[in-house]
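To start, the structure itself, in structure tokens.
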Amino acid sequence: AAASSGEETPDGGEGGAAEDALAPASGDEPRDAPAVGPPRPPPPGVKTEGVAVGPRRPPPSGDGATGDGGGNPRTVSASDAEEVDVTTLPIPEQRRRLPVYAARSEVLSAVRENAVVVVVGETGSGKTTQIAQYLYEDGWTAVTAAAGGGGRRRGGGDGTGAAGTAAAAAGDVGPASKQHDHLLIGITQPRRVAAVSVAARVAEEMSTPLGGTVGYAIRFEERTSPGTALKFMTDGILLRESVSDPDLSAYAVVIMDEAHERSLATDVLFGVLRRALAARADLRVIITSATLEAGKFATFFGGAPVLRIPGRSFPVDIFHARTPAGDYVDAAVWQALQVHLQAPLPGDILIFLTGAEDVEVACDELRTRLERLDTAPPAVVLPVYAALPAEAQARIFAPPPPGTRRLIVATNIAETSLTLNGVVYVIDSGYCKLKAHSARLGMDALLLCPTSQSSADQRAGRAGRTAPGKAYRLYTQAAYEDEMLPAAVPEIQRTNLSHVVLLLLSLGVDDVLSFPLLDPPRKEDVAGALWSLWSLRAVSDAGRLTARGRLLSSFPLEPAAAAVLVAAADLGCADEALTVVAMLSVPSVFLRPHGREAPADAARARFAVPDSDHLTLLHVYDRWRAAGGDRGWAADHYLNERGLRKAADVRSQLADVYRAAGLPAGRPASAAAGAMGDPSGRLRRAVAAAYFGNAARVVGRGRYVHMRTGVECGLHPSSALVAAAAVADYVVFHELVWTSREWMSVVSEVEGGWLAEVAPELYEVRTARGVRPLAVGGGRGVVAPPRAAPPAPARVEEAGRGGA
Ligand code: CDP
Ligand code: MG
């Protein structure tokens, strides 16, 4: 499986994992459900109904819910809710009703007067969808150059929208070239889904087609045109743009939205913006946050003003579990059904779980259980996570049929990124998936972590947007108080920095540690990143960017994935490698529908190339292409047609970058190519040349240890190697997925000798018994220059594989 992990944090997975520019090729979501479920604790003991500790904000009238301590909060009837369902109102009226509307002129004058403004407002107050429109209406995108005025017209319109209309007209009839005749308002989001969905919403509000005045750009997908004036994008996209345009000269205003998420790209953009502001007096920056960490942002920009948008939220009663929930998915399903059966309509239920996998499991379970309940009120079950296909995402914002309750099961994407209307009940598992560096594994892993108090409060707050609500926490109050961190650790302090360090180097920042950052990364993480870039020959012994490093940074890929392409160029298998890297950049194309696992697994097994999951991906793609667009072919083979089409699209974009970089298209001279082995060997060699850090050695039947750390890691059950007749002595894997244990995901057999050849600083061939890793620890903690302190190499047993 291209099983990869994703997550729900801005870091790349819905993961988070750094989106876009920062995303590892693996992208955003757990792309494939491991056959083995997440380690869920034993079945729940005592359910959560119980002790009321809320409301955190006392109800407007009334005695609070803490009263009897026995768990009888003040009940709020749905009639306390707003009488009108706002979504049925005309859009201009909806816009006027948003809390941010009252602050419109204040926001506009603050932006006129200050280079940087921080805006704080609760989720749903209209920050994301409205502020950019206000600026547009105020004339911030207009440039008078083309019209003969020379120079830029700065904000200062009267706010009636006249300037905006002019800009719109100019934009909509703009030149066919990509050259804008106006400036852009850029709005960054840590999450891809949010960038797309808010762009669609704003286009709708402005009655323009998406991709016209309002567009979006996320990694491998752009919908903009010369007329685009409001550009929604992931923070990773803007960060990449800053490499070729450090002053961000295409932008009049940059809105850093959801800054409280503290994604890796957001944090680095802060530094980039500070430098751009020093160079451009006309640039404006707005930072929005749903939390009070805002003061820190303001200080970073030399004391920027902080505007607070008065909230309009209703009290939320918070219930904690009396005892910790066992299996949080079971507990959440049980709690949701209780609420659904007992609470009056209307009032949707929002359930926070951790990733695509547990969201789908919970949705299945809810649907099954609801079918068995004759007396239950009508309900629709909706999953919400980053890798969800577009139609499914659209359903989240469509109003439900009247008299129906929505049971929305979401990852932390629904915490602040997406505003869901109509939610009155929240069920919080207390967990999220975070990509974090594991010292034990010596690499990033997707870990199931307790959320922070700040996230828990955000989650609870989702219940009080349109009416008084209730939040059920599946964890104890003691867990909240004693075990949760006040705020999540920023991504920059917990993940692999090699992508960011490479970007900074290509931005001309030689001393990465001196780059202005809100929270500096750990020195050893920077050193580790430099070390891994050095081992990819992307930086020199002196820690400077090499020509090869610049080449790697031109791909919108993690450095190692780009290195596969560069190695493939030398080995004459670029066509194949482009396909494999593209397939690894999209969610897994293998479908495994609930209840049809066996036929799906059998279908997948028929594509298996026994010694390589990478080649299996290639095989799947090639077969799909050969089927020539036969509708139904993909479905018949349990493959996701949309995913395959996406892979084809990504592939062609990567091929463009590849060609633009001047890399050779054809095969190398035949003699040389022959010496490099069969096509399969060449491709596996290209993978080894980039992912040598992820090498494992067999230690028993089906058991492997990671060579640099000695950590035991299994073949992911979906791997083609599981069923292979011959045991591979050495493998490299694309990534490690952690569920109940460490699984290598997307694995290929390699020859031990290749490892020593491509990374002699890491592996050496022993004459008698083969190759060994030269060191345990793989360079983390080694301070540059790398050569000064080479990590002790690891040894690879040669075991007669005939390599090297
Ligand atoms: O950014 P913030 O959380 O402050 O609010 P927003 O995302 O701008 O949302 C303002 C309003 O627009 C909310 O009522 C949302 O439900 C609505 N909205 C929508 O209907 N569809 C979207 N795709 C995004 C927002
Ligand atoms: Mg927002």
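Labeling convention for the structure tokens: chains A, B, ... as they appear, residues from 1 per chain, ligands from 1 in order of appearance.
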Per residue of chain A within 7 Å of ligand 2, what are the shortest atom pair and its distance in Å to one decimal, counting only C-alpha atoms and all ligand atoms, with rows by chain and residue number, as CSV?
residue,atom,partner,partner_atom_place_in_ligand_line,distance
A:Thr123,CA,ligand 2,1 (Mg),6.1
A:Gly124,CA,ligand 2,1 (Mg),6.7
A:Gly126,CA,ligand 2,1 (Mg),6.8
A:Lys127,CA,ligand 2,1 (Mg),5.4
A:Thr128,CA,ligand 2,1 (Mg),4.2
A:Asp257,CA,ligand 2,1 (Mg),6.6
A:Glu258,CA,ligand 2,1 (Mg),6.2
A:Thr416,CA,ligand 2,1 (Mg),6.4
A:Ser417,CA,ligand 2,1 (Mg),5.5
A:Leu418,CA,ligand 2,1 (Mg),6.8
Residues of the last selection are to be written out with C-alpha atoms, as a CSV table (one decimal), in the first residue's frame.
chain,number,residue,atom,x,y,z
A,123,THR,CA,-14.1,30.4,15.0
A,124,GLY,CA,-16.9,31.3,12.7
A,126,GLY,CA,-15.9,35.6,9.6
A,127,LYS,CA,-12.1,36.2,9.7
A,128,THR,CA,-11.3,33.9,6.8
A,257,ASP,CA,-4.8,32.8,8.6
A,258,GLU,CA,-5.0,30.2,11.4
A,416,THR,CA,-10.9,25.9,13.8
A,417,SER,CA,-10.2,25.5,10.1
A,418,LEU,CA,-13.7,24.7,9.0
Worksheet item: Could you name the residues that touch Glu241 in chain A at 10 Å or less, counting only C-alpha atoms, but leaving out those on the same chain fewer than 6 positions away, as a PyMOL selection string?
Response: chain A and resi 21+235+247-248+250
Can you spit out the residues from that selection as an mmCIF file, in the first residue's frame, using N, CA and C atoms?
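The resulting file, again.cif, is shown below:
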data_model
loop_
_atom_site.group_PDB
_atom_site.id
_atom_site.type_symbol
_atom_site.label_atom_id
_atom_site.label_comp_id
_atom_site.auth_asym_id
_atom_site.auth_seq_id
_atom_site.Cartn_x
_atom_site.Cartn_y
_atom_site.Cartn_z
ATOM 1 N N ALA A 21 4.444 22.638 0.262
ATOM 2 C CA ALA A 21 5.879 22.685 0.065
ATOM 3 C C ALA A 21 6.558 21.833 1.095
ATOM 4 N N ASP A 235 -0.066 27.563 3.381
ATOM 5 C CA ASP A 235 1.118 28.332 3.772
ATOM 6 C C ASP A 235 2.356 27.805 3.051
ATOM 7 N N ASP A 247 10.483 39.137 -1.615
ATOM 8 C CA ASP A 247 9.723 40.297 -1.147
ATOM 9 C C ASP A 247 8.217 40.104 -1.319
ATOM 10 N N LEU A 248 7.822 38.977 -1.859
ATOM 11 C CA LEU A 248 6.415 38.694 -2.121
ATOM 12 C C LEU A 248 5.789 39.849 -2.901
ATOM 13 N N ALA A 250 4.236 40.168 -5.539
ATOM 14 C CA ALA A 250 2.930 40.058 -6.198
ATOM 15 C C ALA A 250 1.785 40.420 -5.249
#
Item to complete: Per DSSP on the backbone, filter range 517-728 of chain A down to the residues in helix (DSSP H, G or I) and report them as a ChimeraX atom specification.
Response: /A:523-535,547-553,559-571,574-584,597-605,613-626,633-636,641-660,670-675,679-694,720-723
Practice prompt. Pick out the residues sitting within 8 Å of range 687-693 of chain A, and hand them over as number ranges by chain; count only C-alpha atoms, and ignore anything fewer than 6 positions along from it in its own chain.
Written response: A: 536, 560-561, 563-564, 567, 708, 732-734, 750, 754-755, 758-759, 778
Response to the item:
From the list A:Ile187, A:Leu337, A:Ala279, A:Ile492, the nearest residue to Leu264 in chain A using only C-alpha atoms is A:Ile492
Enumerate, in order of chain and increasing residue number, the residues of chain A with an atom no farther than 9 Å from ligand 1, each with its shortest atom pair and distance in Å to one decimal, counting only C-alpha atoms and all ligand atoms, as a tab-separated table.
residue	atom	partner	partner_atom_place_in_ligand_line	distance
A:Val86	CA	ligand 1	14 (O)	7.9
A:Thr87	CA	ligand 1	20 (O)	7.2
A:Gln94	CA	ligand 1	14 (O)	7.7
A:Arg95	CA	ligand 1	11 (C)	7.6
A:Arg97	CA	ligand 1	14 (O)	9.0
A:Leu98	CA	ligand 1	10 (C)	6.7
A:Pro99	CA	ligand 1	4 (O)	8.5
A:Val100	CA	ligand 1	4 (O)	7.6
A:Val120	CA	ligand 1	4 (O)	8.6
A:Gly121	CA	ligand 1	4 (O)	6.0
A:Glu122	CA	ligand 1	4 (O)	5.8
A:Thr123	CA	ligand 1	3 (O)	3.4
A:Gly124	CA	ligand 1	5 (O)	3.4
A:Ser125	CA	ligand 1	4 (O)	3.8
A:Gly126	CA	ligand 1	8 (O)	3.2
A:Lys127	CA	ligand 1	4 (O)	3.7
A:Thr128	CA	ligand 1	1 (O)	3.6
A:Thr129	CA	ligand 1	8 (O)	3.7
A:Gln130	CA	ligand 1	8 (O)	5.8
A:Ile131	CA	ligand 1	8 (O)	8.1
A:Ala194	CA	ligand 1	23 (N)	7.7
A:Val196	CA	ligand 1	23 (N)	8.3
A:Ser197	CA	ligand 1	23 (N)	4.7
A:Val198	CA	ligand 1	23 (N)	4.5
A:Ala199	CA	ligand 1	23 (N)	7.5
A:Ala200	CA	ligand 1	23 (N)	6.5
A:Arg201	CA	ligand 1	23 (N)	4.6
A:Val202	CA	ligand 1	24 (C)	7.7
A:Asp257	CA	ligand 1	1 (O)	7.8
A:Glu258	CA	ligand 1	1 (O)	7.9
A:Thr288	CA	ligand 1	1 (O)	8.3
A:Ser289	CA	ligand 1	4 (O)	8.6
A:Ala290	CA	ligand 1	3 (O)	7.4
A:Ala394	CA	ligand 1	23 (N)	8.3
A:Ile396	CA	ligand 1	23 (N)	8.7
A:Phe397	CA	ligand 1	21 (N)	5.8
A:Ala398	CA	ligand 1	20 (O)	8.3
A:Thr416	CA	ligand 1	3 (O)	6.1
A:Ser417	CA	ligand 1	3 (O)	6.7
A:Leu418	CA	ligand 1	7 (O)	6.1
A:Thr419	CA	ligand 1	16 (O)	4.7
A:Leu420	CA	ligand 1	16 (O)	5.3
A:Asn421	CA	ligand 1	16 (O)	5.1
A:Gly422	CA	ligand 1	16 (O)	8.8
A:Arg465	CA	ligand 1	14 (O)	8.8
Output of the above residues as a compact mmCIF listing (two decimals), in the first residue's frame, restricted to N, CA and C atoms:
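Final output, again11.txt:
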# COMPACT_ATOMS: atom_id res chain seq x y z
N VAL A 86 -29.41 30.87 9.74
CA VAL A 86 -28.77 31.90 8.91
C VAL A 86 -28.47 31.44 7.49
N THR A 87 -28.23 30.14 7.34
CA THR A 87 -27.83 29.68 6.01
C THR A 87 -28.95 29.83 4.98
N GLN A 94 -26.30 37.24 5.31
CA GLN A 94 -25.44 36.36 6.11
C GLN A 94 -24.13 37.07 6.45
N ARG A 95 -23.58 37.75 5.46
CA ARG A 95 -22.29 38.43 5.69
C ARG A 95 -22.43 39.52 6.74
N ARG A 97 -24.36 39.62 9.17
CA ARG A 97 -24.61 39.09 10.51
C ARG A 97 -23.36 38.53 11.19
N LEU A 98 -22.29 38.43 10.45
CA LEU A 98 -21.08 37.87 11.07
C LEU A 98 -20.44 38.89 12.02
N PRO A 99 -19.91 38.42 13.14
CA PRO A 99 -19.31 39.34 14.11
C PRO A 99 -18.24 40.25 13.51
N VAL A 100 -17.50 39.76 12.54
CA VAL A 100 -16.42 40.59 12.00
C VAL A 100 -16.97 41.81 11.26
N VAL A 120 -7.86 38.76 16.27
CA VAL A 120 -8.27 37.59 17.04
C VAL A 120 -9.78 37.52 17.04
N GLY A 121 -10.31 36.37 16.75
CA GLY A 121 -11.76 36.21 16.80
C GLY A 121 -12.10 34.74 16.83
N GLU A 122 -13.22 34.45 17.44
CA GLU A 122 -13.58 33.05 17.57
C GLU A 122 -13.86 32.41 16.21
N THR A 123 -13.77 31.12 16.18
CA THR A 123 -14.07 30.38 14.97
C THR A 123 -15.50 30.71 14.52
N GLY A 124 -15.62 31.02 13.26
CA GLY A 124 -16.94 31.32 12.74
C GLY A 124 -17.27 32.80 12.76
N SER A 125 -16.35 33.63 13.24
CA SER A 125 -16.68 35.06 13.29
C SER A 125 -16.53 35.73 11.93
N GLY A 126 -15.93 35.04 10.99
CA GLY A 126 -15.85 35.59 9.63
C GLY A 126 -14.47 36.07 9.22
N LYS A 127 -13.46 35.74 9.98
CA LYS A 127 -12.11 36.21 9.67
C LYS A 127 -11.66 35.75 8.29
N THR A 128 -11.81 34.45 8.06
CA THR A 128 -11.26 33.89 6.83
C THR A 128 -12.00 34.34 5.59
N THR A 129 -13.32 34.29 5.67
CA THR A 129 -14.09 34.58 4.46
C THR A 129 -14.28 36.08 4.24
N GLN A 130 -14.27 36.88 5.29
CA GLN A 130 -14.65 38.29 5.12
C GLN A 130 -13.49 39.27 4.95
N ILE A 131 -12.44 39.11 5.74
CA ILE A 131 -11.43 40.17 5.78
C ILE A 131 -10.82 40.42 4.39
N ALA A 194 -9.14 23.39 3.75
CA ALA A 194 -9.66 24.69 4.12
C ALA A 194 -9.40 25.69 3.01
N VAL A 196 -9.25 25.24 -0.16
CA VAL A 196 -10.19 25.04 -1.27
C VAL A 196 -11.61 25.43 -0.87
N SER A 197 -12.03 25.00 0.30
CA SER A 197 -13.44 25.23 0.65
C SER A 197 -13.72 26.70 0.93
N VAL A 198 -12.79 27.41 1.56
CA VAL A 198 -13.08 28.83 1.78
C VAL A 198 -13.00 29.62 0.48
N ALA A 199 -12.10 29.21 -0.42
CA ALA A 199 -12.06 29.89 -1.71
C ALA A 199 -13.40 29.73 -2.42
N ALA A 200 -13.93 28.52 -2.36
CA ALA A 200 -15.22 28.27 -3.02
C ALA A 200 -16.32 29.11 -2.38
N ARG A 201 -16.28 29.19 -1.07
CA ARG A 201 -17.30 29.96 -0.37
C ARG A 201 -17.20 31.45 -0.74
N VAL A 202 -15.98 31.97 -0.75
CA VAL A 202 -15.80 33.40 -1.03
C VAL A 202 -16.20 33.70 -2.48
N ASP A 257 -3.61 33.22 7.88
CA ASP A 257 -4.80 32.78 8.60
C ASP A 257 -4.47 31.56 9.46
N GLU A 258 -5.22 31.39 10.52
CA GLU A 258 -5.03 30.22 11.37
C GLU A 258 -3.61 30.15 11.91
N THR A 288 -4.23 36.23 11.59
CA THR A 288 -5.45 35.95 12.33
C THR A 288 -5.25 34.71 13.19
N SER A 289 -5.93 34.73 14.29
CA SER A 289 -5.77 33.63 15.23
C SER A 289 -7.08 33.42 15.97
N ALA A 290 -7.38 32.18 16.27
CA ALA A 290 -8.59 31.90 17.03
C ALA A 290 -8.26 31.87 18.52
N ALA A 394 -18.15 18.77 0.06
CA ALA A 394 -19.21 19.73 -0.20
C ALA A 394 -20.44 19.46 0.66
N ILE A 396 -20.58 18.69 3.61
CA ILE A 396 -20.44 19.20 4.97
C ILE A 396 -21.10 20.57 5.10
N PHE A 397 -21.05 21.34 4.01
CA PHE A 397 -21.57 22.70 4.09
C PHE A 397 -23.01 22.81 3.61
N ALA A 398 -23.49 21.74 2.96
CA ALA A 398 -24.87 21.78 2.49
C ALA A 398 -25.80 21.57 3.69
N THR A 416 -10.76 24.52 14.13
CA THR A 416 -10.86 25.94 13.78
C THR A 416 -10.85 26.18 12.28
N SER A 417 -10.36 25.21 11.49
CA SER A 417 -10.19 25.46 10.06
C SER A 417 -11.51 25.56 9.31
N LEU A 418 -12.43 24.71 9.65
CA LEU A 418 -13.70 24.69 8.95
C LEU A 418 -14.80 25.03 9.95
N THR A 419 -15.64 25.94 9.57
CA THR A 419 -16.74 26.29 10.46
C THR A 419 -17.96 25.48 10.05
N LEU A 420 -18.46 24.69 10.96
CA LEU A 420 -19.65 23.90 10.66
C LEU A 420 -20.83 24.53 11.37
N ASN A 421 -21.83 24.86 10.61
CA ASN A 421 -23.00 25.49 11.22
C ASN A 421 -23.91 24.45 11.84
N GLY A 422 -24.61 24.85 12.87
CA GLY A 422 -25.66 24.00 13.42
C GLY A 422 -25.21 23.00 14.46
N ARG A 465 -21.76 27.81 18.85
CA ARG A 465 -21.74 28.87 17.86
C ARG A 465 -23.11 29.42 17.53
Worksheet item: From the list A:Val589, A:Met443, A:Ala665, A:Ala392, which residue is nearest Asp570 in chain A when using only C-alpha atoms?
Response: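 With only C-alpha atoms as the atom set, the closest residue is A:Ala665.
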Worksheet entry | Spatial neighbours of Val214 in chain A, 6 Å, only C-alpha atoms, chain gap at least 2 places, as a PyMOL selection string | chain A and resi 203+210-212+228+230
Would you save the residues of that selection, restricted to N, CA and C atoms, as a compact mmCIF listing (two decimals), in the first residue's frame?
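Just written: selection02.txt:
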# COMPACT_ATOMS: atom_id res chain seq x y z
N ALA A 203 -15.85 32.80 -3.39
CA ALA A 203 -16.25 32.99 -4.79
C ALA A 203 -17.78 33.06 -4.87
N LEU A 210 -15.26 30.22 -9.33
CA LEU A 210 -14.01 29.90 -8.64
C LEU A 210 -12.89 29.82 -9.67
N GLY A 211 -11.77 30.47 -9.38
CA GLY A 211 -10.68 30.50 -10.35
C GLY A 211 -10.65 31.83 -11.08
N GLY A 212 -11.68 32.64 -10.90
CA GLY A 212 -11.70 33.98 -11.47
C GLY A 212 -11.10 34.96 -10.47
N THR A 228 -7.29 36.76 -11.08
CA THR A 228 -7.41 36.43 -9.66
C THR A 228 -6.84 37.55 -8.79
N LEU A 230 -7.99 37.56 -5.17
CA LEU A 230 -7.98 36.95 -3.85
C LEU A 230 -7.48 35.52 -4.01
Worksheet entry | CA of Leu485 in chain A to CA of Ser498 in chain A, distance in Å rounded to a single decimal |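 Answer for the CA of Leu485 in chain A to CA of Ser498 in chain A separation: 26.4 Å.
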Counting only C-alpha atoms, which residues in range 407-426 of chain A sit no more than 12 Å from range 351-355 of chain A? For each one, give the nearest pair of atoms and the distance in Å, sorted by chain then residue number, as a Markdown table.
| residue | atom | partner | partner_atom | distance |
| --- | --- | --- | --- | --- |
| A:Leu407 | CA | A:Ile351 | CA | 7.5 |
| A:Ile408 | CA | A:Ile351 | CA | 6.0 |
| A:Val409 | CA | A:Ile351 | CA | 4.7 |
| A:Ala410 | CA | A:Phe352 | CA | 5.1 |
| A:Thr411 | CA | A:Thr354 | CA | 4.9 |
| A:Asn412 | CA | A:Phe352 | CA | 6.5 |
| A:Ile413 | CA | A:Phe352 | CA | 9.1 |
| A:Ala414 | CA | A:Phe352 | CA | 7.9 |
| A:Glu415 | CA | A:Phe352 | CA | 8.3 |
| A:Leu420 | CA | A:Ile351 | CA | 11.9 |
| A:Val423 | CA | A:Ile351 | CA | 10.1 |
| A:Val424 | CA | A:Ile351 | CA | 11.1 |
| A:Tyr425 | CA | A:Ile351 | CA | 8.4 |
| A:Val426 | CA | A:Ile351 | CA | 5.8 |
Once you have the residues from the selection above, write them out as a PDB file, in the first residue's frame, restricted to C-alpha atoms.
ATOM      1  CA  LEU A 407     -23.701  13.305  13.107  1.00  0.00           C
ATOM      2  CA  ILE A 408     -20.437  14.766  11.907  1.00  0.00           C
ATOM      3  CA  VAL A 409     -17.329  12.744  12.611  1.00  0.00           C
ATOM      4  CA  ALA A 410     -14.220  14.825  12.107  1.00  0.00           C
ATOM      5  CA  THR A 411     -10.546  15.068  12.677  1.00  0.00           C
ATOM      6  CA  ASN A 412      -9.070  18.181  14.237  1.00  0.00           C
ATOM      7  CA  ILE A 413      -9.696  19.894  10.924  1.00  0.00           C
ATOM      8  CA  ALA A 414     -13.073  20.934  12.349  1.00  0.00           C
ATOM      9  CA  GLU A 415     -11.429  22.546  15.360  1.00  0.00           C
ATOM     10  CA  LEU A 420     -19.646  23.900  10.655  1.00  0.00           C
ATOM     11  CA  VAL A 423     -23.466  22.065  15.835  1.00  0.00           C
ATOM     12  CA  VAL A 424     -24.884  21.996  19.351  1.00  0.00           C
ATOM     13  CA  TYR A 425     -23.231  18.884  20.769  1.00  0.00           C
ATOM     14  CA  VAL A 426     -19.551  18.097  20.708  1.00  0.00           C
TER      15      VAL A 426
END
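With only C-alpha atoms as the atoms that count, the residue of A:Leu503, A:Ile287, A:Arg192, A:Asp245 with the shortest distance to Ala386 in chain A is A:Arg192.
Distances from A:Met744, A:Arg284, A:Ser680, A:Leu183 to His706 in chain A were compared using only C-alpha atoms, and the smallest one belongs to A:Met744.
Note that the spacing between CA of Ala362 in chain A and CA of Ala602 in chain A amounts to 25.1 Å.
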Discussion item. Please list as a count of residues only every residue within 12 Å of Asp656 in chain A, counting only C-alpha atoms and excluding residues in the same chain fewer than 5 positions away.
Written reply: 12
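Of the residues under consideration (A:Leu762, A:Ala467, A:Gly714, A:Ser719), A:Leu762 shows the shortest atom-to-atom contact distance to Ser535 in chain A when counting only C-alpha atoms.
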Item to complete: Name the closest residue to Lys435 in chain A among the candidates A:Val384, A:Arg96, A:Ile349, A:Val737; distances are taken between atoms, counting only C-alpha atoms.
Response: A:Val737
Worksheet item: Excluding same-chain residues fewer than 5 positions from range 365-376 of chain A, what lies within 10 Å of it counting only C-alpha atoms, as a PyMOL selection string?
Response: chain A and resi 329-330+332-334+336-337+340-342+359-360+381-382+407+409
Next, the residues of the selection above should be written as a CSV table (one decimal), in the first residue's frame with C-alpha atoms.
chain,number,residue,atom,x,y,z
A,329,VAL,CA,-14.0,5.2,19.1
A,330,ASP,CA,-16.5,3.0,20.9
A,332,ALA,CA,-17.6,8.3,21.1
A,333,VAL,CA,-20.1,6.2,19.1
A,334,TRP,CA,-21.9,5.3,22.3
A,336,ALA,CA,-23.2,10.2,20.1
A,337,LEU,CA,-26.1,7.7,20.1
A,340,HIS,CA,-29.0,11.6,19.4
A,341,LEU,CA,-31.7,9.7,21.2
A,342,GLN,CA,-32.2,12.0,24.1
A,359,VAL,CA,-13.4,8.6,11.4
A,360,GLU,CA,-14.5,6.0,8.8
A,381,VAL,CA,-23.6,10.6,9.3
A,382,LEU,CA,-20.9,12.7,7.7
A,407,LEU,CA,-23.7,13.3,13.1
A,409,VAL,CA,-17.3,12.7,12.6
Worksheet item: What does the distance between CA of Arg684 in chain A and CA of Tyr621 in chain A come to in Å, to one decimal place?
Response: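 Straight-line distance from CA of Arg684 in chain A to CA of Tyr621 in chain A works out to 16.8 Å.
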Worksheet item: Any idea what's packed within 12 Å of Arg625 in chain A, counting only C-alpha atoms, ignoring anything in its chain fewer than 2 positions away? Could you give it as a PyMOL selection string?
Response: chain A and resi 579+618-623+627-631+633-634+641+644-645+647-648
Expected file contents, prior selection, C-alpha atoms, as a compact mmCIF listing (two decimals), in the first residue's frame:
# COMPACT_ATOMS: atom_id res chain seq x y z
CA THR A 579 5.24 7.71 -11.77
CA LEU A 618 4.21 1.67 -10.98
CA HIS A 619 2.50 -1.48 -12.16
CA VAL A 620 -0.91 -0.30 -11.00
CA TYR A 621 -0.47 3.04 -12.73
CA ASP A 622 0.74 1.48 -15.96
CA ARG A 623 -2.13 -1.01 -16.02
CA ALA A 627 -6.85 0.27 -19.73
CA GLY A 628 -7.19 3.60 -21.52
CA GLY A 629 -9.76 5.35 -19.44
CA ASP A 630 -12.16 2.44 -19.42
CA ARG A 631 -14.66 3.62 -16.90
CA TRP A 633 -11.82 -0.60 -14.78
CA ALA A 634 -10.52 1.08 -11.66
CA GLU A 641 -10.09 6.33 -10.20
CA LEU A 644 -5.18 7.68 -10.24
CA ARG A 645 -6.19 10.70 -12.25
CA ALA A 647 -1.48 10.88 -9.77
CA ALA A 648 -1.41 11.40 -13.54
